[in-house]
>>> print(open('upload_0.txt').read())   # compact mmCIF, C-alpha atoms
# COMPACT_ATOMS: atom_id res chain seq x y z
CA MET A 1 -12.09 -13.34 11.88
CA THR A 2 -13.31 -13.09 8.33
CA LYS A 3 -12.56 -16.16 6.26
CA PHE A 4 -11.62 -15.46 2.67
CA ILE A 5 -11.27 -18.05 -0.08
CA PRO A 6 -7.63 -19.18 -0.46
CA PRO A 7 -6.51 -17.07 -3.47
CA ILE A 8 -7.83 -13.92 -1.77
CA SER A 9 -6.39 -14.61 1.67
CA ARG A 10 -3.06 -15.37 0.02
CA LEU A 11 -3.05 -12.01 -1.75
CA ILE A 12 -4.12 -10.21 1.43
CA ASP A 13 -1.20 -11.82 3.28
CA GLU A 14 1.20 -10.72 0.55
CA PHE A 15 0.00 -7.11 0.75
CA ALA A 16 0.07 -7.17 4.55
CA ARG A 17 3.77 -8.03 4.39
CA LEU A 18 4.57 -4.71 2.71
CA PRO A 19 5.83 -1.93 5.00
CA GLY A 20 3.11 0.37 6.32
CA VAL A 21 0.28 -1.84 5.05
CA GLY A 22 -2.01 -3.12 7.82
CA LYS A 23 -4.54 -5.93 7.62
CA LYS A 24 -7.41 -3.62 6.65
CA SER A 25 -5.44 -1.84 3.92
CA ALA A 26 -4.22 -5.20 2.64
CA GLN A 27 -7.85 -6.30 2.26
CA ARG A 28 -8.74 -3.10 0.43
CA LEU A 29 -5.77 -3.51 -1.92
CA ALA A 30 -6.56 -7.19 -2.60
CA PHE A 31 -10.15 -6.31 -3.48
CA HIS A 32 -8.88 -3.56 -5.72
CA ILE A 33 -6.84 -6.17 -7.62
CA ILE A 34 -9.91 -8.43 -7.87
CA ASN A 35 -11.85 -5.58 -9.45
CA MET A 36 -9.03 -4.59 -11.81
CA ASP A 37 -9.29 -5.75 -15.38
CA GLN A 38 -7.07 -8.65 -16.42
CA THR A 39 -4.51 -6.56 -18.34
CA GLN A 40 -3.94 -4.16 -15.46
CA ALA A 41 -3.35 -7.02 -13.04
CA VAL A 42 -0.92 -8.70 -15.43
CA ASN A 43 0.92 -5.39 -15.89
CA PHE A 44 1.23 -5.02 -12.14
CA ALA A 45 2.56 -8.57 -11.64
CA GLU A 46 4.93 -8.09 -14.59
CA ALA A 47 6.29 -4.83 -13.12
CA ILE A 48 7.18 -6.69 -9.93
CA LEU A 49 8.94 -9.50 -11.80
CA ASP A 50 10.63 -7.06 -14.17
CA VAL A 51 12.16 -5.00 -11.39
CA LYS A 52 13.65 -8.17 -9.87
CA ARG A 53 14.99 -9.28 -13.28
CA LYS A 54 16.55 -5.98 -14.30
CA VAL A 55 17.57 -4.09 -11.19
CA LYS A 56 20.98 -4.87 -9.74
CA TYR A 57 23.65 -3.07 -7.76
CA CYS A 58 26.22 -0.77 -9.33
CA GLU A 59 29.61 -2.52 -9.29
CA LYS A 60 31.30 0.54 -7.87
CA CYS A 61 28.96 2.31 -5.44
CA PHE A 62 26.16 -0.29 -4.93
CA ASN A 63 23.46 2.14 -5.98
CA ILE A 64 20.62 0.39 -7.82
CA THR A 65 20.90 0.34 -11.59
CA ASP A 66 20.01 -1.70 -14.66
CA GLN A 67 23.57 -1.37 -16.03
CA ASN A 68 26.94 -2.49 -14.64
CA LEU A 69 27.66 1.04 -13.45
CA CYS A 70 24.92 3.39 -12.24
CA ASP A 71 24.16 6.71 -13.95
CA ILE A 72 26.14 8.61 -11.33
CA CYS A 73 29.27 6.45 -11.44
CA SER A 74 29.28 6.57 -15.23
CA ASP A 75 29.01 10.37 -15.27
CA PRO A 76 32.55 11.80 -15.74
CA GLY A 77 31.34 15.33 -14.92
CA ARG A 78 31.07 14.62 -11.19
CA ASN A 79 33.61 15.73 -8.61
CA GLN A 80 36.01 12.78 -8.32
CA GLU A 81 37.37 13.96 -4.99
CA LEU A 82 34.06 14.00 -3.11
CA MET A 83 32.12 11.00 -1.82
CA CYS A 84 28.89 10.70 0.14
CA ILE A 85 28.20 7.53 2.14
CA VAL A 86 24.52 6.63 2.59
CA GLU A 87 22.65 3.69 4.12
CA SER A 88 20.29 3.07 1.20
CA ALA A 89 19.61 3.90 -2.42
CA ARG A 90 16.57 5.88 -1.27
CA ASP A 91 18.80 8.11 0.87
CA LEU A 92 20.98 8.63 -2.21
CA ILE A 93 17.93 9.80 -4.15
CA ALA A 94 16.97 12.18 -1.33
CA ILE A 95 20.42 13.78 -1.50
CA GLU A 96 20.41 13.88 -5.31
CA ASN A 97 17.09 15.73 -5.11
CA THR A 98 18.74 18.58 -3.20
CA LYS A 99 21.00 19.16 -6.25
CA GLU A 100 23.63 20.32 -3.73
CA PHE A 101 25.98 17.37 -3.97
CA HIS A 102 28.05 16.73 -7.08
CA GLY A 103 30.43 13.97 -6.03
CA TYR A 104 30.03 10.20 -6.05
CA TYR A 105 28.24 7.94 -3.59
CA HIS A 106 28.76 4.74 -1.68
CA VAL A 107 25.66 2.84 -0.62
CA LEU A 108 26.18 0.71 2.51
CA HIS A 109 22.88 -1.22 2.28
CA GLY A 110 22.21 -1.01 5.97
CA SER A 111 23.80 0.20 9.17
CA ILE A 112 25.69 -1.52 11.98
CA SER A 113 23.16 -2.80 14.50
CA PRO A 114 24.34 -5.24 17.17
CA MET A 115 20.71 -5.54 18.35
CA GLU A 116 19.72 -6.99 14.98
CA GLY A 117 22.96 -8.89 14.56
CA ILE A 118 24.20 -6.67 11.72
CA GLY A 119 27.96 -6.19 11.94
CA PRO A 120 30.42 -4.21 9.79
CA ASN A 121 30.87 -7.22 7.50
CA ASP A 122 27.16 -7.35 6.69
CA ILE A 123 27.16 -3.96 4.98
CA LYS A 124 29.34 -2.63 2.16
CA ILE A 125 32.23 -1.34 4.31
CA LYS A 126 34.92 -3.71 3.01
CA GLU A 127 33.94 -2.69 -0.52
CA LEU A 128 34.31 0.95 0.51
CA LEU A 129 37.87 0.42 1.74
CA VAL A 130 38.88 -1.46 -1.42
CA ARG A 131 37.38 1.29 -3.52
CA LEU A 132 39.15 4.07 -1.63
CA GLN A 133 42.57 2.48 -2.31
CA ASN A 134 42.18 3.09 -6.01
CA ASP A 135 40.33 6.37 -6.36
CA GLU A 136 40.91 10.06 -5.84
CA THR A 137 38.53 10.68 -2.94
CA LYS A 138 39.73 13.54 -0.72
CA GLU A 139 36.57 14.26 1.24
CA ILE A 140 33.83 11.97 2.52
CA ILE A 141 30.46 13.09 3.86
CA ILE A 142 28.93 10.35 6.01
CA ALA A 143 25.19 10.76 5.53
CA THR A 144 23.96 7.78 7.53
CA ASN A 145 20.68 8.33 9.39
CA PRO A 146 20.62 10.28 12.67
CA THR A 147 19.71 7.09 14.57
CA ILE A 148 21.77 5.11 17.06
CA GLU A 149 22.67 2.65 14.30
CA GLY A 150 23.46 5.38 11.80
CA GLU A 151 25.65 7.23 14.31
CA ALA A 152 27.48 4.02 15.26
CA THR A 153 28.10 3.27 11.59
CA ALA A 154 29.40 6.80 11.03
CA MET A 155 31.75 6.53 14.03
CA TYR A 156 32.99 3.12 12.87
CA ILE A 157 33.76 4.33 9.36
CA SER A 158 35.39 7.58 10.52
CA LYS A 159 37.71 5.56 12.78
CA LEU A 160 38.66 3.28 9.89
CA LEU A 161 39.51 6.31 7.78
CA LYS A 162 41.74 7.95 10.42
CA GLY A 163 45.22 8.43 9.02
CA THR A 164 44.22 8.09 5.38
CA GLY A 165 44.31 11.86 4.89
CA ILE A 166 40.69 11.89 3.78
CA THR A 167 38.55 14.64 5.35
CA VAL A 168 35.51 13.04 6.93
CA SER A 169 32.37 15.02 7.78
CA ARG A 170 28.85 14.32 8.98
CA LEU A 171 25.60 16.04 7.96
CA ALA A 172 24.62 18.96 10.23
CA HIS A 173 21.91 18.40 12.82
CA GLY A 174 19.40 21.13 13.57
CA ILE A 175 15.88 22.41 13.36
CA PRO A 176 14.19 21.34 10.10
CA VAL A 177 13.46 24.27 7.79
CA GLY A 178 9.84 25.30 8.28
CA GLY A 179 9.83 23.44 11.58
CA ASP A 180 8.69 24.88 14.89
CA LEU A 181 11.07 25.21 17.85
CA GLU A 182 8.27 24.25 20.17
CA TYR A 183 7.95 20.84 18.56
CA ALA A 184 11.63 20.03 18.17
CA ASP A 185 12.89 17.30 20.48
CA GLU A 186 15.53 18.32 23.05
CA ILE A 187 18.38 16.44 21.43
CA THR A 188 17.78 18.08 18.05
CA LEU A 189 17.48 21.45 19.76
CA ALA A 190 20.71 20.87 21.70
CA LYS A 191 22.49 19.90 18.46
CA ALA A 192 21.07 22.99 16.77
CA ILE A 193 22.47 25.23 19.51
CA GLU A 194 25.81 23.43 19.46
CA GLY A 195 26.03 23.83 15.68
CA ARG A 196 24.85 27.48 15.63
CA ARG A 197 26.19 29.66 12.82
CA ILE A 198 27.20 33.33 12.91
CA ILE A 199 24.98 35.43 10.65
CA MET B 200 11.52 15.37 -9.88
CA THR B 201 13.56 12.31 -9.17
CA LYS B 202 14.37 10.23 -12.21
CA PHE B 203 14.30 6.48 -11.66
CA ILE B 204 15.50 3.84 -14.10
CA PRO B 205 12.60 2.48 -16.22
CA PRO B 206 11.82 -0.79 -14.37
CA ILE B 207 11.65 1.09 -11.05
CA SER B 208 9.57 4.00 -12.29
CA ARG B 209 7.18 1.51 -13.90
CA LEU B 210 6.72 -0.32 -10.59
CA ILE B 211 6.29 2.96 -8.69
CA ASP B 212 3.57 3.95 -11.17
CA GLU B 213 1.81 0.62 -10.66
CA PHE B 214 1.83 1.01 -6.88
CA ALA B 215 0.72 4.64 -7.13
CA ARG B 216 -2.39 3.46 -9.00
CA LEU B 217 -3.58 1.51 -5.95
CA PRO B 218 -6.18 3.22 -3.75
CA GLY B 219 -4.71 5.18 -0.83
CA VAL B 220 -1.13 4.86 -2.10
CA GLY B 221 0.54 8.21 -2.81
CA LYS B 222 3.72 8.85 -4.79
CA LYS B 223 5.96 8.64 -1.69
CA SER B 224 4.42 5.40 -0.43
CA ALA B 225 4.62 3.94 -3.92
CA GLN B 226 8.37 4.66 -3.92
CA ARG B 227 8.78 3.03 -0.52
CA LEU B 228 6.85 -0.05 -1.66
CA ALA B 229 8.80 -0.33 -4.92
CA PHE B 230 12.10 -0.19 -3.02
CA HIS B 231 10.79 -2.80 -0.65
CA ILE B 232 10.21 -5.10 -3.65
CA ILE B 233 13.72 -4.38 -4.93
CA ASN B 234 15.13 -5.46 -1.58
CA MET B 235 12.95 -8.57 -1.32
CA ASP B 236 14.53 -11.86 -2.24
CA GLN B 237 13.60 -13.37 -5.58
CA THR B 238 11.21 -16.03 -4.22
CA GLN B 239 9.19 -13.50 -2.19
CA ALA B 240 8.78 -11.25 -5.22
CA VAL B 241 7.71 -14.17 -7.41
CA ASN B 242 5.21 -15.25 -4.74
CA PHE B 243 3.75 -11.77 -4.63
CA ALA B 244 3.40 -11.54 -8.41
CA GLU B 245 1.91 -15.05 -8.51
CA ALA B 246 -0.65 -14.17 -5.83
CA ILE B 247 -1.84 -11.28 -8.00
CA LEU B 248 -2.12 -13.46 -11.12
CA ASP B 249 -3.70 -16.30 -9.16
CA VAL B 250 -6.48 -14.15 -7.74
CA LYS B 251 -7.38 -13.01 -11.25
CA ARG B 252 -7.31 -16.56 -12.57
CA LYS B 253 -9.41 -18.13 -9.81
CA VAL B 254 -11.75 -15.52 -8.40
CA LYS B 255 -15.07 -15.06 -10.19
CA TYR B 256 -18.58 -13.98 -9.31
CA CYS B 257 -21.16 -16.31 -7.76
CA GLU B 258 -23.78 -17.15 -10.41
CA LYS B 259 -26.58 -16.40 -8.01
CA CYS B 260 -25.64 -13.48 -5.74
CA PHE B 261 -22.49 -12.11 -7.46
CA ASN B 262 -20.39 -12.44 -4.33
CA ILE B 263 -16.78 -13.32 -5.13
CA THR B 264 -15.95 -17.02 -5.10
CA ASP B 265 -13.68 -19.62 -6.67
CA GLN B 266 -16.66 -21.96 -7.31
CA ASN B 267 -19.81 -21.51 -9.40
CA LEU B 268 -21.82 -20.73 -6.28
CA CYS B 269 -20.31 -18.89 -3.30
CA ASP B 270 -20.06 -20.46 0.17
CA ILE B 271 -23.16 -18.59 1.33
CA CYS B 272 -25.39 -19.49 -1.63
CA SER B 273 -24.38 -23.13 -1.36
CA ASP B 274 -25.18 -23.24 2.38
CA PRO B 275 -28.71 -24.76 2.75
CA GLY B 276 -28.84 -23.79 6.44
CA ARG B 277 -29.43 -20.11 5.69
CA ASN B 278 -32.79 -18.39 5.95
CA GLN B 279 -34.24 -18.68 2.43
CA GLU B 280 -36.75 -15.93 3.01
CA LEU B 281 -34.28 -13.20 3.92
CA MET B 282 -32.03 -11.28 1.54
CA CYS B 283 -29.56 -8.47 2.08
CA ILE B 284 -28.58 -6.24 -0.84
CA VAL B 285 -25.09 -4.71 -0.69
CA GLU B 286 -22.99 -2.61 -3.02
CA SER B 287 -19.83 -4.70 -2.84
CA ALA B 288 -18.39 -8.01 -1.70
CA ARG B 289 -16.49 -6.11 1.00
CA ASP B 290 -19.77 -4.79 2.42
CA LEU B 291 -21.05 -8.38 2.44
CA ILE B 292 -18.02 -9.41 4.49
CA ALA B 293 -18.64 -6.55 6.94
CA ILE B 294 -22.20 -7.76 7.49
CA GLU B 295 -21.13 -11.41 7.75
CA ASN B 296 -18.66 -10.36 10.45
CA THR B 297 -21.53 -9.11 12.65
CA LYS B 298 -22.89 -12.71 12.68
CA GLU B 299 -26.35 -11.08 12.95
CA PHE B 300 -27.61 -11.85 9.46
CA HIS B 301 -28.45 -15.40 8.40
CA GLY B 302 -30.14 -14.95 5.04
CA TYR B 303 -28.68 -14.70 1.54
CA TYR B 304 -27.10 -11.74 -0.22
CA HIS B 305 -27.22 -9.94 -3.52
CA VAL B 306 -24.15 -7.95 -4.50
CA LEU B 307 -24.91 -5.02 -6.83
CA HIS B 308 -21.28 -4.23 -7.72
CA GLY B 309 -21.80 -0.50 -7.50
CA SER B 310 -24.51 2.06 -6.92
CA ILE B 311 -26.55 4.26 -9.22
CA SER B 312 -24.61 7.46 -9.84
CA PRO B 313 -25.78 9.77 -12.64
CA MET B 314 -22.70 11.95 -11.96
CA GLU B 315 -20.42 9.08 -12.91
CA GLY B 316 -22.73 7.82 -15.64
CA ILE B 317 -23.67 4.65 -13.74
CA GLY B 318 -27.30 3.77 -14.36
CA PRO B 319 -29.49 0.93 -13.05
CA ASN B 320 -28.40 -1.27 -15.98
CA ASP B 321 -24.74 -0.97 -15.01
CA ILE B 322 -25.21 -2.74 -11.68
CA LYS B 323 -26.78 -6.12 -10.91
CA ILE B 324 -30.41 -4.94 -10.57
CA LYS B 325 -31.82 -6.84 -13.56
CA GLU B 326 -30.21 -9.99 -12.16
CA LEU B 327 -31.86 -9.27 -8.81
CA LEU B 328 -35.32 -9.08 -10.38
CA VAL B 329 -34.82 -12.32 -12.34
CA ARG B 330 -33.62 -14.02 -9.18
CA LEU B 331 -36.58 -12.82 -7.10
CA GLN B 332 -39.06 -14.37 -9.56
CA ASN B 333 -37.82 -17.85 -8.73
CA ASP B 334 -36.96 -17.78 -5.04
CA GLU B 335 -38.70 -17.60 -1.70
CA THR B 336 -37.49 -14.17 -0.54
CA LYS B 337 -40.03 -12.49 1.74
CA GLU B 338 -37.89 -9.75 3.26
CA ILE B 339 -35.12 -7.66 1.80
CA ILE B 340 -32.71 -5.45 3.76
CA ILE B 341 -31.15 -2.87 1.49
CA ALA B 342 -27.70 -2.26 2.96
CA THR B 343 -26.30 0.12 0.36
CA ASN B 344 -24.01 2.82 1.74
CA PRO B 345 -25.43 5.89 3.50
CA THR B 346 -24.25 8.11 0.62
CA ILE B 347 -26.30 9.99 -1.97
CA GLU B 348 -25.63 7.18 -4.48
CA GLY B 349 -26.40 4.44 -1.97
CA GLU B 350 -29.65 6.13 -0.93
CA ALA B 351 -30.70 6.68 -4.55
CA THR B 352 -30.01 3.01 -5.30
CA ALA B 353 -32.03 1.94 -2.25
CA MET B 354 -34.96 4.15 -3.32
CA TYR B 355 -34.80 2.86 -6.88
CA ILE B 356 -34.84 -0.79 -5.80
CA SER B 357 -37.57 -0.29 -3.19
CA LYS B 358 -39.78 1.30 -5.89
CA LEU B 359 -39.16 -1.65 -8.23
CA LEU B 360 -40.22 -4.03 -5.47
CA LYS B 361 -43.47 -2.20 -4.65
CA GLY B 362 -46.40 -4.56 -5.13
CA THR B 363 -44.32 -7.74 -5.02
CA GLY B 364 -45.36 -8.37 -1.41
CA ILE B 365 -41.71 -8.41 -0.29
CA THR B 366 -41.00 -6.41 2.89
CA VAL B 367 -38.20 -3.97 2.15
CA SER B 368 -36.13 -2.34 4.92
CA ARG B 369 -33.05 -0.16 5.19
CA LEU B 370 -30.25 -0.27 7.80
CA ALA B 371 -30.82 2.05 10.78
CA HIS B 372 -28.93 5.33 10.92
CA GLY B 373 -27.63 6.63 14.22
CA ILE B 374 -24.68 7.38 16.44
CA PRO B 375 -21.91 4.81 16.01
CA VAL B 376 -21.40 2.66 19.11
CA GLY B 377 -18.52 4.11 21.10
CA GLY B 378 -18.90 7.36 19.19
CA ASP B 379 -19.20 10.76 20.78
CA LEU B 380 -22.33 12.91 20.33
CA GLU B 381 -20.14 15.96 20.11
CA TYR B 382 -18.44 14.69 16.99
CA ALA B 383 -21.48 13.28 15.20
CA ASP B 384 -22.54 15.27 12.13
CA GLU B 385 -25.94 16.95 12.27
CA ILE B 386 -27.60 14.68 9.73
CA THR B 387 -26.56 11.52 11.59
CA LEU B 388 -27.70 13.10 14.85
CA ALA B 389 -31.05 14.08 13.31
CA LYS B 390 -31.50 10.53 12.00
CA ALA B 391 -30.59 9.16 15.44
CA ILE B 392 -33.28 11.29 17.07
CA GLU B 393 -35.82 10.38 14.41
CA GLY B 394 -35.05 6.68 14.88
CA ARG B 395 -35.02 6.82 18.68
CA ARG B 396 -36.04 3.65 20.50
CA ILE B 397 -38.03 3.27 23.70
CA ILE B 398 -35.95 1.66 26.47
>>> encode(input="upload_0.txt", output="structure tokens")
Amino acid sequence: MTKFIPPISRLIDEFARLPGVGKKSAQRLAFHIINMDQTQAVNFAEAILDVKRKVKYCEKCFNITDQNLCDICSDPGRNQELMCIVESARDLIAIENTKEFHGYYHVLHGSISPMEGIGPNDIKIKELLVRLQNDETKEIIIATNPTIEGEATAMYISKLLKGTGITVSRLAHGIPVGGDLEYADEITLAKAIEGRRII
Amino acid sequence: MTKFIPPISRLIDEFARLPGVGKKSAQRLAFHIINMDQTQAVNFAEAILDVKRKVKYCEKCFNITDQNLCDICSDPGRNQELMCIVESARDLIAIENTKEFHGYYHVLHGSISPMEGIGPNDIKIKELLVRLQNDETKEIIIATNPTIEGEATAMYISKLLKGTGITVSRLAHGIPVGGDLEYADEITLAKAIEGRRII
């Protein structure tokens, strides 16, 4: 294996820890930093520290924010009766980008995964229940991921909400728009048939 | 477009400036930093600053090092009469990894590219000539990249060295080992035929 001098191998290791960055890419990125001018490198390091200093979780929905309440929770124009539950702040952004949802959110910060030792108490479910006691939510869309963990989390939450009078729904499964039937997996295809709509 | 709060969009921009990192990957990386614990993020930022503080160019060959002379230049066991000229420190590492070359290096830090306004004076060619006046180099392998710029740089240097008595060679072109003839481009294939070896 190539031996790098300590400051370089340290930086390569740091890059290699990032998701989707392999050893080779980590080397390329580290050398890019070495060839950057001083100001650019300082700006980059500062941006990392700054995000850790300023970004925190919204007190209400646990979205990321630099205030006490996130932009969405502090917007009175949203539909108070509608809530969307997501696993992560990135999922929230994906839904916001559709411009189709105008209610509030609740970010779980994970999903229930017995395999990884993540139980209901490790994600923001308790906080969800506390929150629901004091607000006007009438309908909840559970938009956890279509994975085993996401489905388990959705089932768990929907059971907890039984008897509260809140309507609970799940995102529709089906063929992605622009997708090709031929390449759809059987489970997705089965769900698409099951969820077929009259036109 | 998605609007992020300032510290996040700043970090996304910084990541997006790295080579091979698109807007989507930059978002994923930024969110990874947000979810890191404080110590990890500080370590990452420190590794970036540290590499800029400690890494400099070798006084002799312009390889990267944290000393005045790099590990290779300060190794007396190397073949003093052999030099390999490369465009970048990463190319040097690639050649070192073959364990086939035991001479010294000279890192140009670029290649001549009139299109990008990079002339002979913008890379370490002057330094090469000064160096050659005082050392024992008898053979030089020019291992610039097989690109138009790399070839032009190789031609330029070989012309400068005409009459010095130094043997100048270029890396062989040919089919990559494990490659498939079918997928080789015509120029590589032509060079492979031209450079054929008796077995």
>>> closest_atom_pairs(input="upload_0.txt", of="chain B", to="chain A", cutoff="9 Å", atoms="only C-alpha atoms", output="CSV")
residue,atom,partner,partner_atom,distance
B:Met200,CA,A:Asn97,CA,7.3
B:Thr201,CA,A:Asn97,CA,6.4
B:Lys202,CA,A:Ile93,CA,8.8
B:Phe203,CA,A:Ile93,CA,9.0
B:Ile204,CA,A:Thr65,CA,6.9
B:Pro205,CA,A:Asp66,CA,8.6
B:Pro206,CA,A:Val51,CA,5.2
B:Ile207,CA,A:Val51,CA,6.1
B:Arg209,CA,A:Ala47,CA,6.4
B:Leu210,CA,A:Ala47,CA,5.2
B:Ile211,CA,A:Ala47,CA,9.0
B:Glu213,CA,A:Phe44,CA,5.9
B:Phe214,CA,A:Phe44,CA,8.0
B:Leu217,CA,A:Leu29,CA,6.8
B:Pro218,CA,A:Leu29,CA,7.0
B:Gly219,CA,A:Ser25,CA,8.5
B:Ser224,CA,A:Gly20,CA,8.5
B:Gln226,CA,A:Arg90,CA,8.7
B:Arg227,CA,A:Pro19,CA,8.0
B:Leu228,CA,A:Leu18,CA,6.8
B:Ala229,CA,A:Ile48,CA,8.3
B:Phe230,CA,A:Arg90,CA,7.7
B:His231,CA,A:Leu18,CA,7.3
B:Ile232,CA,A:Ile48,CA,7.2
B:Ile233,CA,A:Lys52,CA,6.2
B:Asn234,CA,A:Lys52,CA,8.8
B:Met235,CA,A:Lys52,CA,8.6
B:Asp236,CA,A:Lys52,CA,8.5
B:Gln237,CA,A:Lys52,CA,6.7
B:Gln239,CA,A:Glu14,CA,8.9
B:Ala240,CA,A:Ile48,CA,6.7
B:Val241,CA,A:Leu49,CA,6.5
B:Asn242,CA,A:Glu14,CA,8.0
B:Phe243,CA,A:Glu14,CA,5.9
B:Ala244,CA,A:Ala45,CA,4.5
B:Glu245,CA,A:Ala45,CA,7.2
B:Ala246,CA,A:Leu11,CA,5.2
B:Ile247,CA,A:Ala45,CA,6.3
B:Leu248,CA,A:Val42,CA,6.5
B:Asp249,CA,A:Pro7,CA,6.4
B:Val250,CA,A:Pro7,CA,5.2
B:Lys251,CA,A:Ile34,CA,6.2
B:Arg252,CA,A:Gln38,CA,8.8
B:Lys253,CA,A:Pro7,CA,7.1
B:Val254,CA,A:Ile34,CA,7.3
B:Lys255,CA,A:Ile34,CA,8.7
B:Ile263,CA,A:Ile5,CA,8.8
B:Thr264,CA,A:Ile5,CA,6.9
B:Asp265,CA,A:Ile5,CA,7.2
B:Ala288,CA,A:Phe31,CA,8.6
B:Arg289,CA,A:Phe31,CA,7.8
B:Ile292,CA,A:Thr2,CA,7.1
B:Ala293,CA,A:Thr2,CA,8.6
B:Glu295,CA,A:Thr2,CA,8.0
B:Asn296,CA,A:Thr2,CA,6.4
>>> closest_residue(input="upload_0.txt", among="A:Asp75, A:Glu87, A:Glu59, A:Asp185", to="Thr153 in chain A", atoms="all atoms listed in the file")
A:Glu87
>>> residues_around(input="upload_0.txt", residues="Ile112 in chain A", least_positions_apart="2", cutoff="9 Å", atoms="only C-alpha atoms", output="mmCIF file with C-alpha atoms, in the frame of the given file")
data_model
loop_
_atom_site.group_PDB
_atom_site.id
_atom_site.type_symbol
_atom_site.label_atom_id
_atom_site.label_comp_id
_atom_site.auth_asym_id
_atom_site.auth_seq_id
_atom_site.Cartn_x
_atom_site.Cartn_y
_atom_site.Cartn_z
ATOM 1 C CA GLY A 110 22.210 -1.010 5.970
ATOM 2 C CA PRO A 114 24.340 -5.240 17.170
ATOM 3 C CA GLU A 116 19.720 -6.990 14.980
ATOM 4 C CA GLY A 117 22.960 -8.890 14.560
ATOM 5 C CA ILE A 118 24.200 -6.670 11.720
ATOM 6 C CA GLY A 119 27.960 -6.190 11.940
ATOM 7 C CA PRO A 120 30.420 -4.210 9.790
ATOM 8 C CA ASN A 121 30.870 -7.220 7.500
ATOM 9 C CA ASP A 122 27.160 -7.350 6.690
ATOM 10 C CA ILE A 123 27.160 -3.960 4.980
ATOM 11 C CA GLU A 149 22.670 2.650 14.300
ATOM 12 C CA GLY A 150 23.460 5.380 11.800
ATOM 13 C CA ALA A 152 27.480 4.020 15.260
ATOM 14 C CA THR A 153 28.100 3.270 11.590
ATOM 15 C CA TYR A 156 32.990 3.120 12.870
#
>>> residues_around(input="upload_0.txt", residues="Pro146 in chain A", least_positions_apart="2", cutoff="10 Å", atoms="all atoms listed in the file", output="VMD selection string")
chain A and resid 143 to 144 148 to 152 154 170 to 173 188
>>> atom_distance(input="upload_0.txt", atom1="CA of Ser74 in chain A", atom2="CA of Thr167 in chain A")
24.0 Å
>>> atom_distance(input="upload_0.txt", atom1="CA of His301 in chain B", atom2="CA of Arg277 in chain B")
5.5 Å
>>> atom_distance(input="upload_0.txt", atom1="CA of Ala391 in chain B", atom2="CA of Asn344 in chain B")
16.5 Å
>>> axis_aligned_box(input="upload_0.txt", around="range 147-164 of chain A", padding_each_side="3 Å", output="lines of an AutoDock Vina configuration file")
center_x = 32.5
center_y = 5.5
center_z = 11.2
size_x = 31.5
size_y = 11.8
size_z = 17.7
>>> residues_around(input="upload_0.txt", residues="Thr363 in chain B", least_positions_apart="5", cutoff="10 Å", atoms="all atoms listed in the file", output="list of chain:residue names")
B:Leu331, B:Gln332, B:Lys337
>>> closest_residue(input="upload_0.txt", among="B:Ile294, B:Ile340, B:Leu268, B:Val285", to="Ile324 in chain B", atoms="only C-alpha atoms")
B:Val285
